[in-house]
Every structure is written in structure tokens, then in C-alpha cells.
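Heads up, the thing below is written out as C-alpha cells.
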Amino acid sequence: MGLVRDWNADAYHRVSGPQVAMAAAVLDRLELHGDETVLDAGCGSGRVTRLLLERLPQGRVIAVDASPDMVARAREELGGDADVRQADLAQLRLAPGEQVDAIFSNATFHWLPDHDALFAALAAALRAGGRMSVQCGGEGNVAGVHAAALQAAADCALGDRFAGWPRPWNFAGPEQTEARLRAAGFADVRCWLQAWPVTPDEPRAYLETVCLGPHLERLADDERGRFLDAVMARLGERPLLDYVRLNVVARRG
Ligand SMILES: C[S@@+](CC[C@H](N)C(=O)[O-])C[C@H]1O[C@@H](n2cnc3c(N)ncnc32)[C@H](O)[C@@H]1O
């Protein structure tokens with residue numbers, strides 16, 4: 001789990017309105033009878049998991065996230081009986097006989113560097129014929145935000161911190177994702193990109209918590225504030241963030 005970072009779960013819970021809005025259509029594409037067991041792959045603070053649970057009055061959710069802070073926040077959000085597990089999705093191993101009927105995931109897959117490993121682990125977790133509905137950052141996602149962040153770093157004399165930086169996001173395209181999913185044993189695969197511009201309610205807190213966490217990890221505590229100020233100066237007080245989402249629907253063959 002070396003590449004997995006922790007999150008500020010309380011801040012994420014507060015500012016993640018855009019992710020909740022994105023999740024609605026992803027949930028709608030997962031046809032459920034209400035009695036299934038569904039994996040929420042990358043449950044975060046549990047805000048979206050709660051919406052999934054509302055569709056499963058006789059069913060259950062196995063919610064998985066790598067971040068200890070997110071797992072703790074999701075347990076608080078969903079209550080003591082909730083099945084929330086801390087694990088790296090690329091190494092997920094459910095117990096024998098525990099295969100799920102469906103997989104849901106929102107705003108998570110782009111944080112995993114190895115999609116072949118991820119899809120192999122998810123295929124093993126899903127029963128034959130089970131469906132998956134996913135949305136994550138896709139090719140070109142927040143490219144303008146990231147360009148502005150690098151320019152802002154230069155503006156405040158922190159550009160050297162990002163020289164040769166191997167960026168941590170995996171914003172995949174639809175064709176390569178379809179091929180990877182088929183190779184992992186999925187059928188009826190459909191992947192497509194969707195532009196989804198976002199203007200967050202609290203832009204500075206949103207950027208700090210959601211988009212720029214990996215940037216901030218590269219800076220000292222006393223450098224972070226001036227970097228965020230410089231990003232805000234570049235993007236403006238009411239920025240339009242250039243989200244591009246990769247939608248995925250598939251069935252386990
Ligand atoms: C933007 S949040 C999305 C959370 C939630 N699905 C939502 O829509 O609000 C991304 C989540 O992916 C989780 N994540 C990142 N890499 C992961 C990995 N390798 N395994 C499991 N979870 C991971 C993070 O900890 C974080 O909670």
C-alpha cells in the first residue's frame with residue numbers, strides 16, 4: 001500500500017458535494033433488486049455509500065477503502081453494523097464464498113496506478129454474471145487545474161518541488177480500459193468519457209482536500225498556505241474545474 005495516501009476525511013465529507021452529484025447516474029446504471037450484496041470500491045467517508053444502501057433495503061454493502069481516516073469516518077457515518085474494511089483494492093481478497101453480486105465505485109479508480117491488478121482483484125470478488133458500474137477521473141481530467149497548480153508553484157518559488165514529478169493519477173482512456181476489463185474477464189464492457197465541469201462551494205478547501213493533496217504532500221507545512229494562495233490567484237475565486245469522467249459498465253463473464 002506504499003502509494004496509497006491518507007485523506008482528511010472530515011474535510012472530504014464536507015466538501016464532496018460534487019462527488020455525490022457525480023455518483024447519482026453511476027448508481028442509476030447499476031440495476032438492483034434491493035437484496036444484493038454490493039461492493040463499494042473506495043467508499044471514502046461513506047456519504048455515497050449511504051445512497052447505495054438506500055437502494056438495498058434487504059441487501060448489504062461491503063465498503064472498502066485504503067485510507068484509515070476515511071474508513072473511520074465511514075464507520076461513523078454508516079453505523080456500527082456497517083461492513084467497512086480497510087484494504088488496497090488492487091490487493092482485495094474476499095473470504096471464500098463472499099463474492100458480491102455487484103460492484104459500485106465512484107471517484108476512486110484513478111488513484112490506483114495498476115488497473116490490470118485492480119480489475120483482476122475486482123473480477124475475483126464479483127460472482128459470474130454480476131454487474132459493475134463505475135465512474136472515475138478519465139483522460140484529460142482536471143488538466144487545467146494541474147497546469148495552474150504547477151504554474152502557481154513557480155509563481156511562489158516552489159517550482160523545484162515538482163521537477164520530474166511522477167504524477168500520482170491514472171487518468172485512463174475508454175479504449176484501453178475496455179481492453180483491460182476484457183482481459184480481466186469482464187464482458188458487455190462499455191466505457192466512455194464525459195465532461196463534468198465543477199464549481200465547488202468552498203474552492204480553497206475543496207482544492208486542498210480533493211485535487212491538490214498529492215501536491216501539498218510535497219511541501220513543508222509553512223509552504224502549503226502560500227502555494228494554495230497562488231493556485232487560487234491563478235484559478236480565481238469561483239473557479240470552473242475541468243473534470244472529465246470515465247464511465248464504466250461491465251458484467252463479469
Ligand atoms: C475522491 S474519494 C471518493 C470516495 C467516495 N467513493 C465518494 O464518491 O465520495 C477517493 C477514495 O479512494 C480511496 N482510495 C485511493 N486509492 C485506493 C486504493 N488503492 N484502495 C482503496 N481505496 C483507495 C481514497 O482513500 C479515497 O477515499
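Going through the C-alpha cells in order, the chains are called A, B, and so on, while each chain numbers its residues from 1 and the ligands are numbered from 1 in the order shown.
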
TODO: Give me every helix (DSSP H, G or I) residue in region 140-214 of chain A, going by DSSP on the backbone, as a PyMOL selection string.
DONE: chain A and resi 143-155+159-162+174-183+203-211+213-214

Based on the selection just made, write N, CA and C atoms of those residues as a compact mmCIF listing (two decimals), in the first residue's frame.
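In the end it all went to out.txt:
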# COMPACT_ATOMS: atom_id res chain seq x y z
N ALA A 143 -7.02 18.67 -16.14
CA ALA A 143 -5.71 19.04 -16.73
C ALA A 143 -5.44 20.52 -16.50
N GLY A 144 -6.48 21.35 -16.62
CA GLY A 144 -6.30 22.79 -16.42
C GLY A 144 -5.94 23.10 -14.97
N VAL A 145 -6.55 22.39 -14.04
CA VAL A 145 -6.25 22.60 -12.60
C VAL A 145 -4.79 22.24 -12.34
N HIS A 146 -4.36 21.11 -12.87
CA HIS A 146 -2.99 20.68 -12.61
C HIS A 146 -1.97 21.59 -13.29
N ALA A 147 -2.29 22.09 -14.48
CA ALA A 147 -1.38 23.05 -15.14
C ALA A 147 -1.29 24.32 -14.30
N ALA A 148 -2.44 24.79 -13.82
CA ALA A 148 -2.44 26.01 -12.99
C ALA A 148 -1.67 25.78 -11.69
N ALA A 149 -1.75 24.59 -11.14
CA ALA A 149 -1.05 24.29 -9.88
C ALA A 149 0.47 24.35 -10.10
N LEU A 150 0.92 23.82 -11.22
CA LEU A 150 2.38 23.87 -11.47
C LEU A 150 2.83 25.30 -11.73
N GLN A 151 1.99 26.08 -12.46
CA GLN A 151 2.33 27.49 -12.68
C GLN A 151 2.34 28.24 -11.35
N ALA A 152 1.37 27.93 -10.49
CA ALA A 152 1.29 28.60 -9.19
C ALA A 152 2.52 28.26 -8.34
N ALA A 153 2.97 27.01 -8.42
CA ALA A 153 4.18 26.63 -7.66
C ALA A 153 5.36 27.48 -8.11
N ALA A 154 5.47 27.68 -9.42
CA ALA A 154 6.56 28.54 -9.93
C ALA A 154 6.37 29.98 -9.46
N ASP A 155 5.11 30.46 -9.46
CA ASP A 155 4.81 31.84 -9.02
C ASP A 155 5.34 32.09 -7.62
N GLY A 159 8.55 25.86 -7.55
CA GLY A 159 8.52 25.03 -8.75
C GLY A 159 9.47 23.85 -8.69
N ASP A 160 10.60 24.02 -8.00
CA ASP A 160 11.59 22.93 -7.95
C ASP A 160 11.04 21.69 -7.25
N ARG A 161 10.03 21.85 -6.40
CA ARG A 161 9.45 20.68 -5.69
C ARG A 161 8.75 19.73 -6.65
N PHE A 162 8.42 20.22 -7.84
CA PHE A 162 7.64 19.40 -8.77
C PHE A 162 8.43 19.02 -10.02
N PRO A 174 -11.03 5.42 -22.52
CA PRO A 174 -12.04 4.36 -22.63
C PRO A 174 -11.55 3.12 -23.36
N GLU A 175 -10.78 3.29 -24.45
CA GLU A 175 -10.39 2.10 -25.23
C GLU A 175 -9.46 1.21 -24.42
N GLN A 176 -8.45 1.81 -23.78
CA GLN A 176 -7.51 0.98 -23.01
C GLN A 176 -8.22 0.33 -21.82
N THR A 177 -9.19 1.05 -21.25
CA THR A 177 -9.92 0.48 -20.10
C THR A 177 -10.79 -0.69 -20.55
N GLU A 178 -11.45 -0.54 -21.71
CA GLU A 178 -12.26 -1.66 -22.22
C GLU A 178 -11.39 -2.89 -22.44
N ALA A 179 -10.22 -2.69 -23.04
CA ALA A 179 -9.33 -3.83 -23.33
C ALA A 179 -8.87 -4.48 -22.02
N ARG A 180 -8.53 -3.66 -21.03
CA ARG A 180 -8.07 -4.21 -19.75
C ARG A 180 -9.19 -4.99 -19.05
N LEU A 181 -10.40 -4.46 -19.11
CA LEU A 181 -11.52 -5.14 -18.45
C LEU A 181 -11.80 -6.49 -19.12
N ARG A 182 -11.75 -6.52 -20.45
CA ARG A 182 -11.99 -7.80 -21.15
C ARG A 182 -10.90 -8.80 -20.78
N ALA A 183 -9.65 -8.31 -20.73
CA ALA A 183 -8.54 -9.21 -20.38
C ALA A 183 -8.70 -9.76 -18.96
N PRO A 203 -14.05 26.69 -2.73
CA PRO A 203 -12.99 26.29 -3.67
C PRO A 203 -11.64 26.01 -3.02
N ARG A 204 -11.23 26.85 -2.06
CA ARG A 204 -9.90 26.65 -1.48
C ARG A 204 -9.84 25.34 -0.70
N ALA A 205 -10.85 25.11 0.14
CA ALA A 205 -10.88 23.87 0.93
C ALA A 205 -11.04 22.67 0.01
N TYR A 206 -11.82 22.83 -1.06
CA TYR A 206 -12.03 21.73 -1.99
C TYR A 206 -10.72 21.35 -2.69
N LEU A 207 -10.02 22.37 -3.19
CA LEU A 207 -8.75 22.09 -3.88
C LEU A 207 -7.76 21.45 -2.92
N GLU A 208 -7.69 21.98 -1.72
CA GLU A 208 -6.76 21.45 -0.71
C GLU A 208 -7.06 19.98 -0.41
N THR A 209 -8.35 19.66 -0.29
CA THR A 209 -8.75 18.32 0.17
C THR A 209 -8.80 17.31 -0.97
N VAL A 210 -9.30 17.71 -2.12
CA VAL A 210 -9.62 16.73 -3.16
C VAL A 210 -8.58 16.71 -4.29
N CYS A 211 -8.24 17.89 -4.84
CA CYS A 211 -7.42 17.91 -6.06
C CYS A 211 -5.92 18.00 -5.78
N GLY A 213 -4.09 17.30 -2.86
CA GLY A 213 -3.46 16.55 -1.76
C GLY A 213 -2.06 16.08 -2.10
N PRO A 214 -1.88 15.46 -3.26
CA PRO A 214 -0.53 14.98 -3.60
C PRO A 214 0.48 16.12 -3.77

TODO: Any chance you could list, as a VMD selection string, the residues in region 6-237 of chain A that come up strand (DSSP E) when DSSP is run on the backbone?
DONE: chain A and resid 37 to 41 60 to 65 83 to 86 100 to 106 126 to 137 186 to 195

Could you turn the residues from that selection into a file that holds N, CA and C atoms, as a tab-separated table (two decimals), in the first residue's frame?
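Output file again21.tsv is given in full below:
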chain	number	residue	atom	x	y	z
A	37	THR	N	-25.77	-8.16	-2.44
A	37	THR	CA	-24.58	-7.71	-1.73
A	37	THR	C	-23.72	-6.96	-2.75
A	38	VAL	N	-23.40	-5.69	-2.43
A	38	VAL	CA	-22.69	-4.83	-3.37
A	38	VAL	C	-21.39	-4.33	-2.74
A	39	LEU	N	-20.32	-4.39	-3.50
A	39	LEU	CA	-19.04	-3.83	-3.08
A	39	LEU	C	-18.99	-2.35	-3.45
A	40	ASP	N	-18.74	-1.48	-2.47
A	40	ASP	CA	-18.45	-0.07	-2.76
A	40	ASP	C	-16.93	0.06	-2.74
A	41	ALA	N	-16.34	0.14	-3.92
A	41	ALA	CA	-14.88	0.10	-4.07
A	41	ALA	C	-14.30	1.51	-3.96
A	60	ARG	N	-26.99	-5.79	1.33
A	60	ARG	CA	-25.92	-5.26	2.18
A	60	ARG	C	-24.78	-4.73	1.31
A	61	VAL	N	-23.92	-3.93	1.93
A	61	VAL	CA	-22.76	-3.35	1.25
A	61	VAL	C	-21.50	-3.80	1.96
A	62	ILE	N	-20.50	-4.17	1.18
A	62	ILE	CA	-19.14	-4.30	1.70
A	62	ILE	C	-18.40	-3.06	1.20
A	63	ALA	N	-18.07	-2.17	2.13
A	63	ALA	CA	-17.44	-0.90	1.77
A	63	ALA	C	-15.94	-1.00	2.05
A	64	VAL	N	-15.13	-0.69	1.04
A	64	VAL	CA	-13.68	-0.85	1.17
A	64	VAL	C	-12.98	0.45	0.83
A	65	ASP	N	-12.01	0.81	1.65
A	65	ASP	CA	-11.19	1.98	1.36
A	65	ASP	C	-9.80	1.77	1.97
A	83	ASP	N	-20.39	-2.87	7.28
A	83	ASP	CA	-19.21	-3.69	6.96
A	83	ASP	C	-18.23	-2.82	6.17
A	84	VAL	N	-17.36	-2.12	6.90
A	84	VAL	CA	-16.38	-1.21	6.28
A	84	VAL	C	-15.00	-1.78	6.53
A	85	ARG	N	-14.25	-1.99	5.46
A	85	ARG	CA	-12.95	-2.67	5.59
A	85	ARG	C	-11.84	-1.78	5.02
A	86	GLN	N	-10.70	-1.83	5.69
A	86	GLN	CA	-9.54	-1.10	5.16
A	86	GLN	C	-8.71	-2.05	4.32
A	100	VAL	N	-19.38	-10.88	-4.29
A	100	VAL	CA	-20.50	-9.94	-4.28
A	100	VAL	C	-21.31	-10.08	-5.57
A	101	ASP	N	-22.57	-9.56	-5.54
A	101	ASP	CA	-23.46	-9.61	-6.70
A	101	ASP	C	-23.20	-8.47	-7.66
A	102	ALA	N	-22.62	-7.38	-7.15
A	102	ALA	CA	-22.41	-6.19	-7.98
A	102	ALA	C	-21.29	-5.35	-7.37
A	103	ILE	N	-20.70	-4.51	-8.24
A	103	ILE	CA	-19.65	-3.59	-7.78
A	103	ILE	C	-20.03	-2.18	-8.20
A	104	PHE	N	-19.89	-1.26	-7.25
A	104	PHE	CA	-20.10	0.16	-7.50
A	104	PHE	C	-18.81	0.88	-7.11
A	105	SER	N	-18.43	1.89	-7.86
A	105	SER	CA	-17.28	2.70	-7.44
A	105	SER	C	-17.40	4.10	-8.01
A	106	ASN	N	-17.10	5.09	-7.18
A	106	ASN	CA	-17.17	6.49	-7.60
A	106	ASN	C	-15.90	7.24	-7.21
A	126	LEU	N	-16.22	-10.60	-7.74
A	126	LEU	CA	-17.57	-10.49	-8.30
A	126	LEU	C	-18.04	-11.86	-8.80
A	127	ARG	N	-19.28	-12.22	-8.49
A	127	ARG	CA	-19.78	-13.52	-8.95
A	127	ARG	C	-19.98	-13.49	-10.47
A	128	ALA	N	-19.94	-14.65	-11.11
A	128	ALA	CA	-20.16	-14.73	-12.56
A	128	ALA	C	-21.51	-14.11	-12.89
A	129	GLY	N	-21.54	-13.25	-13.90
A	129	GLY	CA	-22.78	-12.59	-14.30
A	129	GLY	C	-23.06	-11.30	-13.54
A	130	GLY	N	-22.31	-11.04	-12.47
A	130	GLY	CA	-22.53	-9.83	-11.67
A	130	GLY	C	-22.13	-8.57	-12.44
A	131	ARG	N	-22.79	-7.46	-12.10
A	131	ARG	CA	-22.58	-6.22	-12.85
A	131	ARG	C	-21.71	-5.23	-12.08
A	132	MET	N	-21.07	-4.35	-12.87
A	132	MET	CA	-20.23	-3.31	-12.26
A	132	MET	C	-20.58	-1.97	-12.90
A	133	SER	N	-20.74	-0.93	-12.08
A	133	SER	CA	-20.95	0.43	-12.58
A	133	SER	C	-19.99	1.35	-11.85
A	134	VAL	N	-19.19	2.06	-12.63
A	134	VAL	CA	-18.07	2.83	-12.07
A	134	VAL	C	-18.00	4.19	-12.75
A	135	GLN	N	-17.55	5.19	-11.99
A	135	GLN	CA	-17.08	6.43	-12.61
A	135	GLN	C	-15.82	6.87	-11.87
A	136	CYS	N	-14.85	7.34	-12.65
A	136	CYS	CA	-13.60	7.85	-12.05
A	136	CYS	C	-13.05	8.94	-12.97
A	137	GLY	N	-11.95	9.54	-12.56
A	137	GLY	CA	-11.32	10.51	-13.43
A	137	GLY	C	-10.79	9.82	-14.68
A	186	PHE	N	-14.08	-9.53	-17.85
A	186	PHE	CA	-15.39	-8.86	-17.92
A	186	PHE	C	-15.94	-8.93	-19.34
A	187	ALA	N	-17.28	-8.92	-19.45
A	187	ALA	CA	-17.96	-8.93	-20.75
A	187	ALA	C	-18.94	-7.76	-20.79
A	188	ASP	N	-19.57	-7.56	-21.95
A	188	ASP	CA	-20.53	-6.45	-22.12
A	188	ASP	C	-19.95	-5.14	-21.58
A	189	VAL	N	-18.70	-4.89	-21.93
A	189	VAL	CA	-17.98	-3.73	-21.38
A	189	VAL	C	-18.30	-2.49	-22.21
A	190	ARG	N	-18.60	-1.39	-21.53
A	190	ARG	CA	-18.79	-0.11	-22.22
A	190	ARG	C	-18.14	0.98	-21.38
A	191	CYS	N	-17.24	1.74	-22.00
A	191	CYS	CA	-16.54	2.83	-21.31
A	191	CYS	C	-16.64	4.09	-22.16
A	192	TRP	N	-16.88	5.22	-21.53
A	192	TRP	CA	-16.95	6.48	-22.26
A	192	TRP	C	-16.60	7.65	-21.36
A	193	LEU	N	-16.07	8.70	-22.01
A	193	LEU	CA	-15.69	9.91	-21.27
A	193	LEU	C	-16.86	10.88	-21.24
A	194	GLN	N	-16.87	11.71	-20.19
A	194	GLN	CA	-17.95	12.68	-20.01
A	194	GLN	C	-17.36	13.92	-19.34
A	195	ALA	N	-17.46	15.07	-20.01
A	195	ALA	CA	-17.01	16.32	-19.39
A	195	ALA	C	-17.96	16.68	-18.24

Task: Nearby polymer residues, ligand 1, at most 8 Å, only C-alpha atoms and all ligand atoms, as a PyMOL selection string - done: chain A and resi 1+3-7+9+12-13+16+19-20+22-23+40-49+64-68+70-71+86-90+105-112+210

Task: Counting only C-alpha atoms, the residue of A:Pro168, A:Pro197, A:Gly173, A:Gly185 that sits nearest Ala124 (chain A) - done: A:Gly185

Task: Which residue of A:Ala163, A:Leu158, A:Val249, A:Leu32 approaches Gly225 (chain A) most closely, using only C-alpha atoms - done: A:Leu158

Task: 7 Å contact set for Phe119 (chain A), only C-alpha atoms, chain neighbours under 3 positions out, as a PyMOL selection string - done: chain A and resi 115-116+122-123+181+184

Selected residues written out, C-alpha atoms, as a PDB file, in the first residue's frame:
ATOM      1  CA  HIS A 115      -5.544  -1.023 -13.389  1.00  0.00           C
ATOM      2  CA  ASP A 116      -4.688  -4.572 -14.514  1.00  0.00           C
ATOM      3  CA  LEU A 122     -12.435  -6.969  -8.731  1.00  0.00           C
ATOM      4  CA  ALA A 123     -13.145  -9.832 -11.158  1.00  0.00           C
ATOM      5  CA  LEU A 181     -11.517  -5.144 -18.449  1.00  0.00           C
ATOM      6  CA  ALA A 184      -9.549  -9.441 -16.699  1.00  0.00           C
TER       7      ALA A 184
END

Task: Interatomic distance (Å, one decimal) between CA of Arg218 (chain A) and CA of Glu237 (chain A) - done: 24.2 Å

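Distance-wise, CA of Thr199 (chain A) and CA of Arg234 (chain A) end up 14.8 Å apart.
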
Task: Nearest-residue call for Ala250 (chain A), choices A:Pro200, A:Ala220, A:Leu30, A:Asp10, using only C-alpha atoms - done: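 Closest to Ala250 (chain A) of all the choices is A:Leu30.
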
Task: Spatial neighbours of Gly34 (chain A), 8 Å, only C-alpha atoms, chain gap at least 2 places, as a ChimeraX atom specification - done: /A:32,36,55-59

Keeping N, CA, C and O atoms for every residue in the selection just given, could you write it to a file as a CSV table (one decimal), in the first residue's frame?
chain,number,residue,atom,x,y,z
A,32,LEU,N,-30.6,-2.8,-9.6
A,32,LEU,CA,-30.6,-3.6,-8.3
A,32,LEU,C,-32.0,-4.0,-8.0
A,32,LEU,O,-32.9,-3.2,-8.2
A,36,GLU,N,-29.3,-7.5,-3.0
A,36,GLU,CA,-28.0,-7.9,-3.3
A,36,GLU,C,-26.9,-7.5,-2.3
A,36,GLU,O,-27.2,-6.7,-1.4
A,55,ARG,N,-30.7,1.9,-1.6
A,55,ARG,CA,-31.2,1.0,-2.7
A,55,ARG,C,-31.2,-0.5,-2.4
A,55,ARG,O,-31.5,-1.3,-3.2
A,56,LEU,N,-30.8,-0.8,-1.2
A,56,LEU,CA,-30.6,-2.2,-0.8
A,56,LEU,C,-31.3,-2.5,0.5
A,56,LEU,O,-30.7,-2.9,1.5
A,57,PRO,N,-32.7,-2.3,0.5
A,57,PRO,CA,-33.4,-2.5,1.8
A,57,PRO,C,-33.2,-3.9,2.4
A,57,PRO,O,-33.2,-4.1,3.6
A,58,GLN,N,-33.1,-4.9,1.5
A,58,GLN,CA,-32.9,-6.3,2.0
A,58,GLN,C,-31.5,-6.8,1.7
A,58,GLN,O,-31.2,-8.0,1.9
A,59,GLY,N,-30.6,-5.9,1.2
A,59,GLY,CA,-29.3,-6.3,0.8
A,59,GLY,C,-28.2,-5.8,1.8
A,59,GLY,O,-28.5,-5.3,2.9

Task: Gap from CA of Arg252 (chain A) to CA of Pro96 (chain A) - Å, one decimal - done: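 Here the two named atoms are 17.5 Å from each other.
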